[in-house]
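Raw contents of coords-v1.txt, compact mmCIF, C-alpha atoms:
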# COMPACT_ATOMS: atom_id res chain seq x y z
CA MET P 1 -59.37 -9.15 -62.82
CA TYR P 2 -56.37 -11.40 -63.13
CA LYS P 3 -58.38 -14.48 -62.16
CA SER P 4 -60.90 -13.81 -64.94
CA ILE P 5 -58.26 -14.15 -67.66
CA PRO P 6 -58.11 -17.62 -69.30
CA GLY P 7 -55.67 -20.04 -67.68
CA TRP P 8 -53.47 -20.56 -70.71
CA ILE P 9 -52.73 -16.82 -70.85
CA THR P 10 -51.87 -16.57 -67.14
CA GLU P 11 -49.65 -19.65 -67.37
CA GLU P 12 -47.71 -18.10 -70.25
CA ASP P 13 -47.48 -14.87 -68.26
CA GLU P 14 -45.94 -16.65 -65.25
CA VAL P 15 -43.28 -18.14 -67.52
CA ALA P 16 -42.65 -14.82 -69.29
CA GLY P 17 -42.10 -12.79 -66.11
CA GLY P 18 -45.51 -11.72 -64.74
CA GLU P 19 -46.04 -8.53 -66.70
CA LEU P 20 -49.73 -9.31 -67.23
CA LYS P 21 -50.24 -9.55 -63.48
CA ASN P 22 -48.63 -6.13 -63.03
CA LEU P 23 -50.74 -4.68 -65.84
CA THR P 24 -54.00 -6.01 -64.38
CA GLN P 25 -52.98 -4.58 -60.97
CA ILE P 26 -52.48 -1.15 -62.54
CA MET P 27 -55.80 -1.41 -64.39
CA GLY P 28 -57.62 -2.49 -61.22
CA SER P 29 -56.13 0.39 -59.27
CA TYR P 30 -57.21 2.85 -61.97
CA PHE P 31 -60.74 1.40 -62.04
CA ASP P 32 -60.98 1.79 -58.25
CA GLU P 33 -59.94 5.43 -58.52
CA LEU P 34 -62.37 6.01 -61.37
CA PHE P 35 -65.21 4.42 -59.37
CA ASN P 36 -64.51 6.72 -56.42
CA GLN P 37 -64.47 9.77 -58.69
CA ILE P 38 -67.76 8.82 -60.35
CA GLU P 39 -69.35 8.05 -56.99
CA ASN P 40 -68.38 11.45 -55.56
CA LEU P 41 -69.18 13.52 -58.65
CA PRO P 42 -72.75 14.36 -57.55
CA LYS P 43 -71.43 15.53 -54.17
CA LEU P 44 -69.10 18.21 -55.58
CA LYS P 45 -71.55 21.04 -55.15
CA ASP P 46 -72.72 19.99 -51.68
CA LEU P 47 -72.25 22.54 -48.93
CA VAL P 48 -69.39 21.37 -46.73
CA TYR P 49 -68.09 23.46 -43.88
CA PRO P 50 -64.42 22.63 -43.30
CA SER P 51 -63.06 24.13 -40.12
CA SER P 52 -59.86 26.12 -39.90
CA SER P 53 -58.17 22.96 -38.66
CA ALA P 54 -59.12 21.40 -41.99
CA LEU P 55 -56.07 23.00 -43.53
CA THR P 56 -53.79 20.80 -41.45
CA GLY P 57 -56.09 17.78 -41.38
CA ALA P 58 -57.27 15.35 -44.01
CA VAL P 59 -60.20 17.47 -45.26
CA LYS P 60 -59.10 20.27 -47.56
CA PRO P 61 -61.18 22.62 -49.70
CA TYR P 62 -61.47 21.78 -53.37
CA PRO P 63 -58.68 23.21 -55.53
CA PHE P 64 -61.35 24.48 -57.94
CA SER P 65 -63.42 26.41 -55.36
CA LYS P 66 -63.19 29.61 -57.40
CA ARG P 67 -64.86 27.82 -60.32
CA LEU P 68 -67.75 26.81 -58.06
CA LEU P 69 -68.37 30.51 -57.49
CA SER P 70 -68.14 31.44 -61.15
CA SER P 71 -70.53 28.61 -62.06
CA GLN P 72 -73.08 30.25 -59.78
CA GLY P 73 -72.64 33.63 -61.47
CA LEU P 74 -70.34 35.32 -58.96
CA ASN P 75 -67.14 36.63 -60.46
CA VAL P 76 -64.52 36.94 -57.75
CA PRO P 77 -61.09 38.50 -58.05
CA ASP P 78 -57.90 36.57 -57.46
CA LEU P 79 -56.76 36.71 -53.86
CA PHE P 80 -53.19 37.29 -52.74
CA VAL P 81 -52.02 38.41 -56.18
CA ASP P 82 -49.30 40.55 -54.65
CA ALA P 83 -47.71 37.63 -52.79
CA SER P 84 -44.05 37.21 -53.54
CA ILE P 85 -42.52 34.08 -54.99
CA LEU P 86 -41.08 33.22 -51.59
CA GLU P 87 -44.53 33.48 -50.00
CA GLN P 88 -46.21 31.43 -52.73
CA PHE P 89 -43.83 28.50 -52.94
CA SER P 90 -42.09 28.35 -49.56
CA SER P 91 -45.09 29.35 -47.44
CA ARG P 92 -43.10 31.99 -45.67
CA ASP P 93 -41.96 35.58 -45.91
CA GLU P 94 -38.79 37.23 -44.65
CA LYS P 95 -39.70 36.81 -40.96
CA VAL P 96 -42.66 34.44 -40.54
CA LYS P 97 -43.27 30.84 -41.66
CA PHE P 98 -46.93 30.30 -42.59
CA GLU P 99 -48.91 27.38 -41.23
CA ASP P 100 -50.25 26.38 -44.64
CA LYS P 101 -49.87 27.01 -48.36
CA ILE P 102 -51.39 30.21 -49.74
CA TYR P 103 -53.47 28.34 -52.33
CA ASN P 104 -55.10 26.24 -49.58
CA ILE P 105 -56.07 29.39 -47.68
CA LYS P 106 -57.31 30.99 -50.89
CA ASN P 107 -59.46 27.93 -51.73
CA LEU P 108 -60.82 27.84 -48.17
CA ILE P 109 -61.94 31.47 -48.52
CA TYR P 110 -63.56 30.75 -51.89
CA HIS P 111 -65.26 27.67 -50.46
CA ASN P 112 -66.63 29.60 -47.48
CA ILE P 113 -68.03 32.21 -49.86
CA TYR P 114 -69.61 29.40 -51.92
CA ASN P 115 -71.20 27.93 -48.78
CA ASN P 116 -72.77 31.30 -47.95
CA LEU P 117 -73.59 32.33 -51.51
CA PHE P 118 -77.35 31.98 -50.99
CA SER P 119 -77.24 34.47 -48.13
CA ILE P 120 -74.97 36.78 -50.10
CA TYR P 121 -77.38 36.85 -53.05
CA LYS P 122 -80.34 37.29 -50.73
Represent the structure contained in this file as structure tokens.
Amino acid sequence: MYKSIPGWITEEDEVAGGELKNLTQIMGSYFDELFNQIENLPKLKDLVYPSSSALTGAVKPYPFSKRLLSSQGLNVPDLFVDASILEQFSSRDEKVKFEDKIYNIKNLIYHNIYNNLFSIYK
């Protein structure tokens, strides 16, 4: 992007401190992120089966998995509503430290239900 700007503007920018170069870097980074989001938008409702090791790996369930269920007409209750503040934010209780955050486990459960929703309705 920076190379497509007219030369007289980039020359003035180099003298002035290079703020235009920083701005075009930020814009380019945002456009890359936007391109990836637009490219993956049609894949949001694809059935993906993350394993239980997905919680510790790079693949995590979507944070909006409950909304996937409600968009298909299945109203599900909130899970783990009686979890204490310590369990929710520190991922532990008085005696045991959990392997993952409660919201990741909750979204994995919702996502597994979404993956099997056809069989559930059948």
Legend entry - Residue contacts of P:Asp46 (10 Å, all atoms listed in the file) excluding same-chain residues fewer than 4 positions away, as a list in words: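 Surrounding residues, per the criterion: Pro42, Tyr114 and Asn115 of chain P.
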Inset, instruction - Give the answer as one residue: which of P:Leu23, P:Ile9, P:Leu117, P:Leu34 has the shortest atom-to-atom distance to P:Asn75, using only C-alpha atoms? - result: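 Of all the options, P:Leu117 lies closest to P:Asn75.
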Inset, instruction - Find the spatial neighbours of P:Lys45, counting only C-alpha atoms, within a cut-off of 12 Å - ignore same-chain residues fewer than 6 positions away - and output them as a PyMOL selection string. - result: chain P and resi 61-62+64-65+67-69+71-72+111+114-115
Inset, instruction - For atom CA of P:Thr24 and atom CA of P:Asn36, determine how far apart the two atoms are, in Å to one decimal place. - result: 18.3 Å
Legend entry - Length of the atom CA of P:Pro77 to atom CA of P:Ile113 vector [Å]: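 So the two atoms, atom CA of P:Pro77 and atom CA of P:Ile113, lie 12.4 Å apart.
One finds atom CA of P:Val48 at 28.9 Å from atom CA of P:Asp82.
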